[in-house]
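S.K.: Got entry-v6.txt for you, compact mmCIF, C-alpha atoms and all ligand atoms:
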# COMPACT_ATOMS: atom_id res chain seq x y z
CA MET T 1209 -31.51 90.94 110.08
CA LYS T 1210 -34.85 89.10 110.15
CA LEU T 1211 -37.01 89.40 113.25
CA VAL T 1212 -36.50 85.75 114.14
CA ASP T 1213 -32.71 86.30 114.06
CA HIS T 1214 -33.09 88.92 116.76
CA PHE T 1215 -34.87 86.29 118.84
CA GLN T 1216 -32.06 83.78 118.18
CA TYR T 1217 -29.49 86.13 119.66
CA GLY T 1218 -31.60 87.25 122.59
CA LEU T 1219 -33.37 90.46 123.49
CA ASN T 1220 -32.82 93.13 126.13
CA SER T 1221 -35.93 91.85 127.90
CA PRO T 1222 -37.63 88.46 127.76
CA ILE T 1223 -40.85 88.32 125.77
CA CYS T 1224 -42.01 85.21 127.55
CA LEU T 1225 -41.20 85.47 131.24
CA THR T 1226 -42.74 82.92 133.57
CA TRP T 1227 -42.74 83.75 137.24
CA GLU T 1228 -43.70 81.01 139.66
CA LEU T 1229 -44.81 82.76 142.81
CA THR T 1230 -44.96 79.79 145.14
CA TYR T 1231 -44.24 76.08 145.31
CA ALA T 1232 -47.37 75.64 147.44
CA CYS T 1233 -50.27 73.89 145.75
CA ASN T 1234 -53.58 72.42 146.86
CA LEU T 1235 -53.28 69.72 144.19
CA ALA T 1236 -50.56 67.18 143.39
CA CYS T 1237 -50.77 66.73 139.61
CA VAL T 1238 -48.74 63.76 138.47
CA HIS T 1239 -46.98 65.73 135.71
CA CYS T 1240 -46.25 68.96 137.63
CA LEU T 1241 -43.29 70.54 135.85
CA SER T 1242 -42.08 72.26 139.03
CA SER T 1243 -42.71 69.35 141.45
CA SER T 1244 -44.84 71.67 143.56
CA GLY T 1245 -46.73 70.93 146.75
CA ARG T 1246 -45.16 72.55 149.80
CA ARG T 1247 -44.26 76.22 150.13
CA ASP T 1248 -40.54 76.96 150.33
CA PRO T 1249 -39.66 79.12 153.37
CA ARG T 1250 -37.16 81.03 151.24
CA GLU T 1251 -39.83 82.28 148.82
CA LEU T 1252 -39.69 85.97 147.87
CA SER T 1253 -41.47 88.23 150.35
CA THR T 1254 -44.17 90.65 149.25
CA ALA T 1255 -41.66 93.52 149.26
CA GLU T 1256 -39.14 91.51 147.25
CA ALA T 1257 -41.79 90.49 144.73
CA LYS T 1258 -42.81 94.13 144.34
CA SER T 1259 -39.24 95.18 143.69
CA VAL T 1260 -39.02 92.50 140.96
CA ILE T 1261 -42.16 94.04 139.42
CA ASP T 1262 -40.52 97.50 139.61
CA GLU T 1263 -37.56 96.09 137.77
CA LEU T 1264 -39.75 94.46 135.11
CA GLN T 1265 -41.46 97.81 134.61
CA ARG T 1266 -38.08 99.52 134.10
CA MET T 1267 -37.07 96.79 131.65
CA GLN T 1268 -40.36 97.26 129.79
CA VAL T 1269 -41.46 93.68 130.26
CA PHE T 1270 -45.05 94.18 129.21
CA TYR T 1271 -46.49 91.07 130.73
CA VAL T 1272 -45.59 88.04 132.83
CA ASN T 1273 -46.97 84.53 132.98
CA ILE T 1274 -47.61 83.90 136.65
CA GLY T 1275 -47.75 80.32 137.83
CA GLY T 1276 -46.64 78.05 140.62
CA GLY T 1277 -47.53 75.84 142.41
CA GLU T 1278 -50.95 77.40 142.66
CA PRO T 1279 -50.26 81.15 142.73
CA THR T 1280 -53.62 82.13 144.20
CA VAL T 1281 -52.91 80.32 147.47
CA ARG T 1282 -50.27 82.94 148.23
CA PRO T 1283 -52.05 85.33 150.63
CA ASP T 1284 -50.58 88.38 148.85
CA PHE T 1285 -51.43 87.14 145.34
CA TRP T 1286 -54.20 89.68 144.68
CA GLU T 1287 -52.08 92.50 146.10
CA LEU T 1288 -49.19 91.55 143.78
CA LEU T 1289 -51.53 91.26 140.82
CA ASP T 1290 -52.84 94.77 141.42
CA TYR T 1291 -49.32 96.06 141.93
CA ALA T 1292 -48.18 94.59 138.63
CA VAL T 1293 -51.01 95.96 136.51
CA THR T 1294 -50.71 99.42 138.06
CA HIS T 1295 -47.00 99.31 137.20
CA ASP T 1296 -47.58 98.56 133.51
CA VAL T 1297 -46.82 94.86 133.79
CA GLY T 1298 -49.78 92.86 132.50
CA VAL T 1299 -50.44 89.49 134.11
CA LYS T 1300 -51.54 86.19 132.69
CA PHE T 1301 -51.88 83.72 135.51
CA SER T 1302 -52.39 79.97 135.48
CA THR T 1303 -54.62 78.46 138.10
CA ASN T 1304 -56.48 75.28 138.90
CA GLY T 1305 -59.42 77.55 139.77
CA ILE T 1306 -59.53 76.84 143.48
CA LYS T 1307 -59.88 80.52 144.52
CA LEU T 1308 -61.97 81.75 141.59
CA ASP T 1309 -65.30 82.17 143.29
CA LYS T 1310 -67.97 84.56 142.02
CA ALA T 1311 -66.50 87.57 143.84
CA ARG T 1312 -62.97 87.03 142.50
CA ALA T 1313 -64.32 86.41 139.02
CA ALA T 1314 -66.16 89.75 139.17
CA GLN T 1315 -63.01 91.48 140.43
CA LEU T 1316 -60.98 90.02 137.56
CA ALA T 1317 -63.62 90.99 135.01
CA ALA T 1318 -63.25 94.59 136.20
CA THR T 1319 -59.43 94.60 135.93
CA ASP T 1320 -57.58 95.46 132.73
CA TYR T 1321 -54.40 93.73 131.61
CA VAL T 1322 -55.19 90.48 133.38
CA ASP T 1323 -55.68 87.17 131.65
CA VAL T 1324 -56.63 83.92 133.34
CA GLN T 1325 -55.62 80.45 132.29
CA ILE T 1326 -57.51 77.53 133.81
CA SER T 1327 -55.68 74.22 133.74
CA LEU T 1328 -57.71 71.25 132.52
CA ASP T 1329 -56.06 68.04 131.37
CA GLY T 1330 -59.13 66.06 130.43
CA ALA T 1331 -62.37 66.99 128.68
CA THR T 1332 -64.07 64.63 131.13
CA ALA T 1333 -63.64 64.34 134.88
CA GLU T 1334 -62.40 60.78 134.46
CA VAL T 1335 -59.44 61.75 132.27
CA ASN T 1336 -58.67 65.04 134.01
CA ASP T 1337 -58.84 63.77 137.58
CA HIS T 1338 -56.57 60.85 136.79
CA ILE T 1339 -53.85 63.43 136.15
CA ARG T 1340 -54.81 66.32 138.40
CA GLY T 1341 -56.53 64.60 141.31
CA PRO T 1342 -60.12 63.92 142.42
CA GLY T 1343 -62.45 66.92 142.22
CA SER T 1344 -60.10 69.03 140.11
CA TYR T 1345 -62.32 68.85 137.00
CA ALA T 1346 -65.30 70.18 138.95
CA THR T 1347 -63.16 72.96 140.44
CA ALA T 1348 -61.93 74.07 137.02
CA VAL T 1349 -65.41 74.02 135.47
CA ARG T 1350 -66.83 76.00 138.39
CA ALA T 1351 -64.13 78.65 137.86
CA LEU T 1352 -64.99 78.81 134.15
CA GLU T 1353 -68.67 79.20 134.99
CA ASN T 1354 -67.91 82.01 137.44
CA LEU T 1355 -65.74 83.83 134.92
CA ALA T 1356 -68.38 83.50 132.19
CA GLU T 1357 -71.11 84.71 134.54
CA ALA T 1358 -68.97 87.71 135.56
CA GLY T 1359 -68.41 88.61 131.90
CA PHE T 1360 -64.67 88.01 131.96
CA GLY T 1361 -63.52 88.24 128.35
CA GLN T 1362 -62.05 85.07 126.93
CA PRO T 1363 -60.13 83.22 129.63
CA LYS T 1364 -57.84 80.45 128.43
CA ILE T 1365 -58.31 76.73 129.00
CA SER T 1366 -54.82 75.28 129.21
CA VAL T 1367 -54.39 71.61 128.36
CA VAL T 1368 -51.24 69.51 128.58
CA MET T 1369 -51.55 66.93 125.81
CA THR T 1370 -51.26 63.33 126.96
CA ARG T 1371 -51.90 59.88 125.58
CA GLN T 1372 -55.29 59.96 127.35
CA ASN T 1373 -56.58 63.25 125.97
CA VAL T 1374 -55.40 63.56 122.35
CA ASP T 1375 -58.69 61.95 121.29
CA GLN T 1376 -60.55 64.68 123.19
CA LEU T 1377 -59.30 67.67 121.19
CA ASP T 1378 -62.73 68.38 119.69
CA GLU T 1379 -64.32 68.09 123.11
CA PHE T 1380 -61.82 70.57 124.59
CA LYS T 1381 -62.68 73.00 121.82
CA ALA T 1382 -66.39 72.56 122.57
CA ILE T 1383 -65.80 73.28 126.27
CA ALA T 1384 -63.82 76.40 125.39
CA ASP T 1385 -66.61 77.58 123.08
CA LYS T 1386 -69.22 76.89 125.73
CA TYR T 1387 -67.54 79.18 128.26
CA GLY T 1388 -66.38 81.86 125.83
CA ALA T 1389 -62.79 80.75 126.42
CA GLN T 1390 -59.82 80.20 124.14
CA LEU T 1391 -58.20 76.78 123.97
CA ARG T 1392 -54.48 76.51 124.64
CA ILE T 1393 -52.73 73.18 124.27
CA THR T 1394 -49.14 72.50 125.28
CA ARG T 1395 -46.67 69.71 125.17
CA LEU T 1396 -45.99 67.33 128.06
CA ARG T 1397 -42.32 67.59 128.97
CA PRO T 1398 -40.38 65.18 131.18
CA SER T 1399 -39.73 67.97 133.70
CA GLY T 1400 -40.37 67.89 137.44
CA ARG T 1401 -42.80 65.10 138.32
CA GLY T 1402 -43.47 64.92 134.58
CA ALA T 1403 -40.27 62.88 134.36
CA ASP T 1404 -41.92 60.13 136.42
CA VAL T 1405 -44.89 59.76 134.09
CA TRP T 1406 -43.56 60.85 130.72
CA ASP T 1407 -43.06 57.32 129.39
CA GLU T 1408 -46.68 56.44 130.11
CA LEU T 1409 -48.33 59.74 129.29
CA HIS T 1410 -46.56 61.33 126.36
CA PRO T 1411 -48.54 60.88 123.13
CA THR T 1412 -47.55 57.97 120.91
CA SER T 1413 -46.02 58.70 117.51
CA THR T 1414 -49.41 58.01 115.90
CA GLN T 1415 -50.98 60.50 118.28
CA GLN T 1416 -48.28 63.10 117.53
CA ARG T 1417 -49.37 62.91 113.91
CA GLN T 1418 -53.03 63.07 114.92
CA LEU T 1419 -52.28 66.17 117.00
CA TYR T 1420 -50.40 67.84 114.15
CA ASP T 1421 -53.19 67.08 111.66
CA TRP T 1422 -55.75 68.46 114.08
CA LEU T 1423 -53.77 71.67 114.55
CA VAL T 1424 -53.43 72.14 110.79
CA ALA T 1425 -57.13 71.43 110.15
CA ARG T 1426 -58.78 72.95 113.22
CA GLY T 1427 -56.09 74.92 115.01
CA ASP T 1428 -57.16 78.42 113.99
CA GLY T 1429 -57.51 80.40 117.19
CA VAL T 1430 -55.97 77.61 119.28
CA LEU T 1431 -52.89 78.70 121.23
CA THR T 1432 -49.92 76.36 121.56
CA GLY T 1433 -47.25 78.42 123.33
CA ASP T 1434 -45.11 77.46 120.33
CA SER T 1435 -44.58 74.14 122.10
CA PHE T 1436 -45.14 71.79 119.15
CA PHE T 1437 -42.60 73.19 116.72
CA HIS T 1438 -40.91 69.79 116.54
CA LEU T 1439 -44.09 68.59 114.80
CA SER T 1440 -43.55 71.10 111.99
CA ALA T 1441 -41.26 68.47 110.49
CA TYR T 1442 -44.42 66.65 109.38
CA GLY T 1443 -44.86 69.26 106.67
CA GLU T 1444 -46.43 72.68 106.93
CA ALA T 1445 -44.78 74.70 109.70
CA LEU T 1446 -47.04 75.46 112.65
CA PRO T 1447 -47.47 79.13 113.54
CA GLY T 1448 -44.87 80.49 115.96
CA LEU T 1449 -41.19 81.27 116.28
CA ASN T 1450 -40.18 77.65 115.71
CA LEU T 1451 -37.12 77.77 117.89
CA CYS T 1452 -36.11 76.93 121.42
CA GLY T 1453 -36.31 80.30 123.15
CA ALA T 1454 -34.61 79.20 126.38
CA GLY T 1455 -32.47 82.06 127.68
CA ARG T 1456 -33.07 84.02 124.46
CA VAL T 1457 -36.67 85.11 124.72
CA VAL T 1458 -37.89 82.78 127.47
CA CYS T 1459 -36.93 82.35 131.11
CA LEU T 1460 -38.29 81.45 134.52
CA ILE T 1461 -38.09 83.18 137.88
CA ASP T 1462 -38.86 80.53 140.49
CA PRO T 1463 -40.46 81.19 143.90
CA VAL T 1464 -37.09 81.64 145.66
CA GLY T 1465 -35.88 84.06 142.98
CA ASP T 1466 -33.70 81.64 141.03
CA VAL T 1467 -33.64 82.39 137.31
CA TYR T 1468 -33.67 79.42 134.93
CA ALA T 1469 -33.43 79.36 131.14
CA CYS T 1470 -36.92 77.90 130.80
CA PRO T 1471 -39.82 76.85 133.07
CA PHE T 1472 -39.23 73.26 131.93
CA ALA T 1473 -35.53 73.33 132.77
CA ILE T 1474 -35.39 73.58 136.55
CA HIS T 1475 -31.94 72.10 137.00
CA ASP T 1476 -28.56 73.47 138.05
CA ASN T 1477 -27.31 73.20 134.47
CA PHE T 1478 -29.85 75.82 133.43
CA LEU T 1479 -29.65 78.08 136.49
CA ALA T 1480 -28.42 81.54 135.44
CA GLY T 1481 -28.58 83.45 138.75
CA ASN T 1482 -30.93 84.87 141.36
CA VAL T 1483 -32.96 88.07 141.45
CA ARG T 1484 -31.65 88.75 144.97
CA SER T 1485 -28.08 89.10 143.66
CA PRO T 1486 -26.54 92.50 142.93
CA GLY T 1487 -27.98 93.85 139.68
CA GLY T 1488 -31.15 91.81 140.18
CA PHE T 1489 -33.04 90.14 137.37
CA GLN T 1490 -31.76 92.56 134.74
CA GLU T 1491 -28.15 91.60 135.40
CA VAL T 1492 -29.00 87.89 135.17
CA TRP T 1493 -31.02 88.29 131.98
CA GLN T 1494 -28.56 90.52 130.17
CA ASN T 1495 -25.17 89.33 131.38
CA SER T 1496 -25.25 85.86 132.92
CA GLU T 1497 -22.76 83.40 131.54
CA LEU T 1498 -25.42 80.79 130.83
CA PHE T 1499 -27.74 83.07 128.87
CA THR T 1500 -24.81 84.50 126.92
CA GLU T 1501 -23.86 80.96 125.97
CA LEU T 1502 -27.41 80.00 124.99
CA ARG T 1503 -27.53 83.03 122.67
CA GLN T 1504 -24.57 81.85 120.63
CA PRO T 1505 -25.32 80.44 117.17
CA GLN T 1506 -26.42 76.82 117.44
CA THR T 1507 -24.62 74.22 115.40
CA GLY T 1508 -27.62 71.93 115.11
CA GLY T 1509 -25.35 69.00 115.83
CA ALA T 1510 -26.54 65.70 114.45
CA CYS T 1511 -29.87 67.24 113.39
CA ARG T 1512 -28.19 69.66 111.01
CA SER T 1513 -28.16 67.03 108.29
CA CYS T 1514 -31.90 66.52 108.58
CA GLY T 1515 -33.97 68.03 105.81
CA PHE T 1516 -36.50 69.24 108.38
CA TYR T 1517 -34.03 71.08 110.58
CA ASP T 1518 -35.16 74.56 109.55
CA SER T 1519 -38.66 74.00 110.91
CA CYS T 1520 -37.89 71.58 113.73
CA GLN T 1521 -34.51 72.85 114.97
CA GLY T 1522 -33.92 69.58 116.75
CA GLY T 1523 -36.83 70.14 119.12
CA CYS T 1524 -36.92 70.89 122.83
CA MET T 1525 -33.77 71.23 124.92
CA ALA T 1526 -35.56 70.31 128.16
CA ALA T 1527 -37.21 67.22 126.64
CA LYS T 1528 -33.83 65.96 125.49
CA PHE T 1529 -32.05 66.79 128.72
CA PHE T 1530 -34.49 65.09 131.07
CA THR T 1531 -34.65 61.95 128.95
CA GLY T 1532 -30.85 61.65 128.92
CA LEU T 1533 -30.47 62.44 125.20
CA PRO T 1534 -27.70 64.65 123.81
CA LEU T 1535 -28.72 68.29 123.53
CA ASP T 1536 -27.41 68.48 119.98
CA GLY T 1537 -29.29 65.42 118.78
CA PRO T 1538 -32.92 64.76 117.93
CA ASP T 1539 -35.89 65.41 120.19
CA PRO T 1540 -37.27 62.31 121.97
CA GLU T 1541 -40.46 62.83 119.97
CA CYS T 1542 -38.65 63.43 116.65
CA VAL T 1543 -41.24 62.83 113.96
CA ARG T 1544 -38.74 60.84 111.93
CA GLY T 1545 -38.47 58.30 114.72
CA PHE T 1546 -34.86 59.08 115.63
CA GLY T 1547 -35.89 60.11 119.13
CA GLU T 1548 -37.51 56.74 119.79
CA GLU T 1549 -34.37 55.04 118.52
CA ALA T 1550 -32.23 57.15 120.81
CA LEU T 1551 -34.45 56.40 123.82
CA ALA T 1552 -34.34 52.69 123.10
CA ALA T 1553 -30.58 52.93 122.65
CA ARG T 1554 -29.84 54.26 126.14
CA ASP T 1555 -28.02 51.79 128.35
CA GLY T 1556 -27.01 51.39 131.97
CA SER T 1557 -24.23 53.92 131.51
CA THR T 1558 -26.64 56.64 130.35
CA THR T 1559 -27.27 59.25 132.98
CA ILE T 1560 -30.79 60.62 133.11
CA PRO T 1561 -30.61 63.98 134.89
CA ARG T 1562 -33.13 64.84 137.60
CA SER T 1563 -33.96 68.16 139.12
CA GLU T 1564 -33.01 68.46 142.77
CA VAL T 1565 -35.76 71.02 143.29
CA ASP T 1566 -38.70 69.06 144.66
CA HIS T 1567 -41.47 70.39 146.89
CA SER T 1568 -43.83 67.45 146.44
CA ARG T 1569 -45.91 66.62 149.49
CA SER T 1570 -45.36 62.92 148.86
CA ALA T 1571 -42.10 61.15 149.76
CA PRO T 1572 -39.10 63.12 148.53
CA ARG T 1573 -38.26 61.89 145.08
CA ASN T 1574 -34.61 62.67 145.49
CA SER T 1575 -34.17 60.31 148.41
CA ARG T 1576 -32.24 58.21 145.93
CA GLY T 1577 -29.70 61.04 145.87
CA PRO T 1578 -28.76 63.32 143.05
CA VAL T 1579 -27.75 61.74 139.79
CA PRO T 1580 -24.59 63.04 138.15
CA VAL T 1581 -25.17 64.70 134.82
CA THR T 1582 -23.47 63.91 131.54
CA ILE T 1583 -24.47 65.96 128.54
CA GLY T 1584 -23.06 67.23 125.32
CA ARG T 1585 -22.09 63.90 123.85
CA ARG T 1586 -21.97 64.24 120.08
CA PRO T 1587 -22.49 61.67 117.39
CA ASP T 1588 -19.18 61.25 115.63
CA LYS T 1589 -20.48 62.23 112.22
CA ALA T 1590 -23.49 63.76 110.60
CA CYS T 1591 -25.69 61.21 108.90
CA GLU T 1592 -28.23 61.54 106.13
CA THR T 1593 -30.36 58.70 107.41
CA SER T 1594 -30.02 58.80 111.18
CA PRO T 1595 -28.63 61.53 113.39
CA LEU T 1596 -28.07 58.88 116.05
CA VAL T 1597 -24.98 57.37 114.59
CA GLY T 1598 -22.38 57.16 117.33
CA VAL T 1599 -24.80 57.64 120.19
CA ALA T 1600 -24.94 55.01 122.92
CA ASP T 1601 -28.12 53.71 124.42
CA ASP T 1602 -30.65 51.97 126.92
CA ALA T 1603 -34.11 51.17 128.17
CA SER T 1604 -36.23 53.80 129.77
CA ASP T 1605 -37.14 54.05 133.39
CA SER T 1606 -40.87 53.77 133.63
CA ARG T 1607 -42.64 54.77 136.83
CA LEU T 1608 -46.23 55.94 136.87
CA ARG T 1609 -47.04 57.79 140.04
CA VAL T 1610 -50.57 57.36 141.38
CA PRO T 1611 -52.46 60.67 141.49
CA VAL T 1612 -52.82 62.13 144.97
CA ALA T 1613 -55.98 63.93 145.98
CA GLY T 1614 -55.76 67.69 146.45
CA SER T 1615 -56.21 68.96 149.95
S1 LIG T 1701 -36.31 74.06 126.45
FE1 LIG T 1701 -38.15 73.30 125.38
S2 LIG T 1701 -39.85 74.28 126.49
FE2 LIG T 1701 -37.98 75.42 126.99
S3 LIG T 1701 -37.89 77.13 125.53
FE3 LIG T 1701 -36.70 75.40 124.69
S4 LIG T 1701 -38.14 74.30 123.37
FE4 LIG T 1701 -39.34 75.61 124.73
S1 LIG T 1702 -33.84 64.54 113.05
FE1 LIG T 1702 -33.74 66.40 114.34
S2 LIG T 1702 -34.31 68.12 112.97
FE2 LIG T 1702 -34.93 66.18 111.95
S3 LIG T 1702 -37.07 65.89 112.51
FE3 LIG T 1702 -35.84 64.76 114.00
S4 LIG T 1702 -35.50 66.17 115.74
FE4 LIG T 1702 -36.18 67.38 113.96
Would you put the structure from the file into structure tokens?
Ligand code: SF4
Ligand code: SF4
M.R.:
Amino acid sequence: MKLVDHFQYGLNSPICLTWELTYACNLACVHCLSSSGRRDPRELSTAEAKSVIDELQRMQVFYVNIGGGEPTVRPDFWELLDYAVTHDVGVKFSTNGIKLDKARAAQLAATDYVDVQISLDGATAEVNDHIRGPGSYATAVRALENLAEAGFGQPKISVVMTRQNVDQLDEFKAIADKYGAQLRITRLRPSGRGADVWDELHPTSTQQRQLYDWLVARGDGVLTGDSFFHLSAYGEALPGLNLCGAGRVVCLIDPVGDVYACPFAIHDNFLAGNVRSPGGFQEVWQNSELFTELRQPQTGGACRSCGFYDSCQGGCMAAKFFTGLPLDGPDPECVRGFGEEALAARDGSTTIPRSEVDHSRSAPRNSRGPVPVTIGRRPDKACETSPLVGVADDASDSRLRVPVAGS
């Protein structure tokens, strides 16, 4: 069996585990995938978080991606970080930089098995702050300066690609080089508050091509979190596993201990269990019904007939789900244009699922009430020219939320 086949059928431990420590955040980014803002009173206590780390150590999970919300605003963040690294669980944490002053930067530079990822969504303050809020560019740059001054080896600059920043790829690379950092670019998904802005912010089809060409020409040493594998259908496959790892090699533990198939799939349909249940995280990862189902061989559905299926695999499950497209059809950003057709073909009867998990500090988004979910609709036959045959349609719901200043 090839290595990638092992990944298809799942592993005893996740290789890409994201753990969001808190829903609290000092910012209110318009595209926040977890709709963070306010802390949830049910969040795991320090003792509970430590026992999750103990379990990860027993499962030989060698590192976790810590995020939030803004994880460093949790008062016990530094204690948990130390606990993890002294229990053989390396930490890569994502931060907007708010707490990375000179002293913390020096502390991090002296700690092994810790990696830092600073979020920056514009190579200029104008572009970044439009997404992440006023002052957030300056905060991120200050954190990068502090890390460089402390001699921290190669932090990451993490960029969510949007319509406004695709043209800035070279500038992002220059910023990374300036601070001795490594550039990481990821895909904007319509998850959390990202669903509200996806129509306006996701790169156009021309920009998808521009992004792919840039990665092929200049992407050496640029990390992507394997998030652009749908673009491999343009030609040469991009480096990575080129598959949706949800529930197979990827999962999320959220701040209240709920375990989801993927950080971009915070929705009841992708909720596998909770670390507080008997058997803890290990039981959820190894035996939950949802993850067992996700590890079954995929049919490929309508995409199976596409000549690019081997590299594209039909794209991202979360992107399809939160745009109301069938999970076994093409990605909304399908490079052959079938995703755009499917989006345009949605109609009033199409249900666009929303997450009910929302800790935004602005008015509760779900005040409209939960929307019932309909998924799994299949085109009635495979088609050589369009995998959308048989799929119903409509116009998209377009709401751009105005950025809110961080506190
Ligand atoms: S749902 Fe999308 S983001 Fe999540 S693992 Fe699959 S491809 Fe990646
Ligand atoms: S039709 Fe499906 S497999 Fe083919 S490029 Fe589009 S999303 Fe990928």
S.K.: Please identify the residues whose atoms come within 12 Å of ligand LIG 1702 (chain T), using only C-alpha atoms and all ligand atoms, and report them as a PDB file with C-alpha atoms, in the frame of the given file.
M.R.:
ATOM      1  CA  PHE T1436     -45.140  71.790 119.150  1.00  0.00           C
ATOM      2  CA  PHE T1437     -42.600  73.190 116.720  1.00  0.00           C
ATOM      3  CA  HIS T1438     -40.910  69.790 116.540  1.00  0.00           C
ATOM      4  CA  LEU T1439     -44.090  68.590 114.800  1.00  0.00           C
ATOM      5  CA  SER T1440     -43.550  71.100 111.990  1.00  0.00           C
ATOM      6  CA  ALA T1441     -41.260  68.470 110.490  1.00  0.00           C
ATOM      7  CA  TYR T1442     -44.420  66.650 109.380  1.00  0.00           C
ATOM      8  CA  GLY T1443     -44.860  69.260 106.670  1.00  0.00           C
ATOM      9  CA  ASN T1450     -40.180  77.650 115.710  1.00  0.00           C
ATOM     10  CA  LEU T1451     -37.120  77.770 117.890  1.00  0.00           C
ATOM     11  CA  THR T1507     -24.620  74.220 115.400  1.00  0.00           C
ATOM     12  CA  GLY T1508     -27.620  71.930 115.110  1.00  0.00           C
ATOM     13  CA  GLY T1509     -25.350  69.000 115.830  1.00  0.00           C
ATOM     14  CA  ALA T1510     -26.540  65.700 114.450  1.00  0.00           C
ATOM     15  CA  CYS T1511     -29.870  67.240 113.390  1.00  0.00           C
ATOM     16  CA  ARG T1512     -28.190  69.660 111.010  1.00  0.00           C
ATOM     17  CA  SER T1513     -28.160  67.030 108.290  1.00  0.00           C
ATOM     18  CA  CYS T1514     -31.900  66.520 108.580  1.00  0.00           C
ATOM     19  CA  GLY T1515     -33.970  68.030 105.810  1.00  0.00           C
ATOM     20  CA  PHE T1516     -36.500  69.240 108.380  1.00  0.00           C
ATOM     21  CA  TYR T1517     -34.030  71.080 110.580  1.00  0.00           C
ATOM     22  CA  ASP T1518     -35.160  74.560 109.550  1.00  0.00           C
ATOM     23  CA  SER T1519     -38.660  74.000 110.910  1.00  0.00           C
ATOM     24  CA  CYS T1520     -37.890  71.580 113.730  1.00  0.00           C
ATOM     25  CA  GLN T1521     -34.510  72.850 114.970  1.00  0.00           C
ATOM     26  CA  GLY T1522     -33.920  69.580 116.750  1.00  0.00           C
ATOM     27  CA  GLY T1523     -36.830  70.140 119.120  1.00  0.00           C
ATOM     28  CA  CYS T1524     -36.920  70.890 122.830  1.00  0.00           C
ATOM     29  CA  MET T1525     -33.770  71.230 124.920  1.00  0.00           C
ATOM     30  CA  ALA T1527     -37.210  67.220 126.640  1.00  0.00           C
ATOM     31  CA  LYS T1528     -33.830  65.960 125.490  1.00  0.00           C
ATOM     32  CA  LEU T1533     -30.470  62.440 125.200  1.00  0.00           C
ATOM     33  CA  PRO T1534     -27.700  64.650 123.810  1.00  0.00           C
ATOM     34  CA  LEU T1535     -28.720  68.290 123.530  1.00  0.00           C
ATOM     35  CA  ASP T1536     -27.410  68.480 119.980  1.00  0.00           C
ATOM     36  CA  GLY T1537     -29.290  65.420 118.780  1.00  0.00           C
ATOM     37  CA  PRO T1538     -32.920  64.760 117.930  1.00  0.00           C
ATOM     38  CA  ASP T1539     -35.890  65.410 120.190  1.00  0.00           C
ATOM     39  CA  PRO T1540     -37.270  62.310 121.970  1.00  0.00           C
ATOM     40  CA  GLU T1541     -40.460  62.830 119.970  1.00  0.00           C
ATOM     41  CA  CYS T1542     -38.650  63.430 116.650  1.00  0.00           C
ATOM     42  CA  VAL T1543     -41.240  62.830 113.960  1.00  0.00           C
ATOM     43  CA  ARG T1544     -38.740  60.840 111.930  1.00  0.00           C
ATOM     44  CA  GLY T1545     -38.470  58.300 114.720  1.00  0.00           C
ATOM     45  CA  PHE T1546     -34.860  59.080 115.630  1.00  0.00           C
ATOM     46  CA  GLY T1547     -35.890  60.110 119.130  1.00  0.00           C
ATOM     47  CA  GLU T1548     -37.510  56.740 119.790  1.00  0.00           C
ATOM     48  CA  GLU T1549     -34.370  55.040 118.520  1.00  0.00           C
ATOM     49  CA  ALA T1550     -32.230  57.150 120.810  1.00  0.00           C
ATOM     50  CA  ALA T1590     -23.490  63.760 110.600  1.00  0.00           C
ATOM     51  CA  CYS T1591     -25.690  61.210 108.900  1.00  0.00           C
ATOM     52  CA  GLU T1592     -28.230  61.540 106.130  1.00  0.00           C
ATOM     53  CA  THR T1593     -30.360  58.700 107.410  1.00  0.00           C
ATOM     54  CA  SER T1594     -30.020  58.800 111.180  1.00  0.00           C
ATOM     55  CA  PRO T1595     -28.630  61.530 113.390  1.00  0.00           C
ATOM     56  CA  LEU T1596     -28.070  58.880 116.050  1.00  0.00           C
ATOM     57  CA  VAL T1597     -24.980  57.370 114.590  1.00  0.00           C
TER      58      VAL T1597
END
S.K.: With the cut-off set at 8 Å and counting all atoms listed in the file, tabulate each residue of chain T with an atom at most that distance from an atom of ligand LIG 1701 (chain T), showing the nearest atom pair and its distance in Å to one decimal, ordered by chain and increasing number, as CSV.
M.R.:
residue,atom,partner,partner_atom,distance
T:Arg1397,CA,T:LIG1701,S2,7.6
T:Asp1434,CA,T:LIG1701,FE4,7.5
T:Ser1435,CA,T:LIG1701,FE4,6.0
T:Leu1451,CA,T:LIG1701,S4,6.6
T:Cys1452,CA,T:LIG1701,FE3,3.7
T:Gly1453,CA,T:LIG1701,S3,4.3
T:Ala1454,CA,T:LIG1701,S3,4.0
T:Gly1455,CA,T:LIG1701,S3,7.6
T:Val1458,CA,T:LIG1701,S3,6.0
T:Cys1459,CA,T:LIG1701,S3,7.7
T:Ala1469,CA,T:LIG1701,FE2,7.3
T:Cys1470,CA,T:LIG1701,FE2,4.7
T:Pro1471,CA,T:LIG1701,FE2,6.5
T:Phe1472,CA,T:LIG1701,FE2,5.5
T:Ala1473,CA,T:LIG1701,S1,6.4
T:Gly1523,CA,T:LIG1701,S4,6.1
T:Cys1524,CA,T:LIG1701,S4,3.7
T:Met1525,CA,T:LIG1701,S1,4.1
T:Ala1526,CA,T:LIG1701,S1,4.2
T:Ala1527,CA,T:LIG1701,FE1,6.3
S.K.: For a cut-off of 10 Å around (-63.3, 82.7, 117.6), file coordinates, pick out all residues using all atoms listed in the file and list them as a ChimeraX atom specification.
M.R.: /T:1362,1385,1388-1390,1428-1430
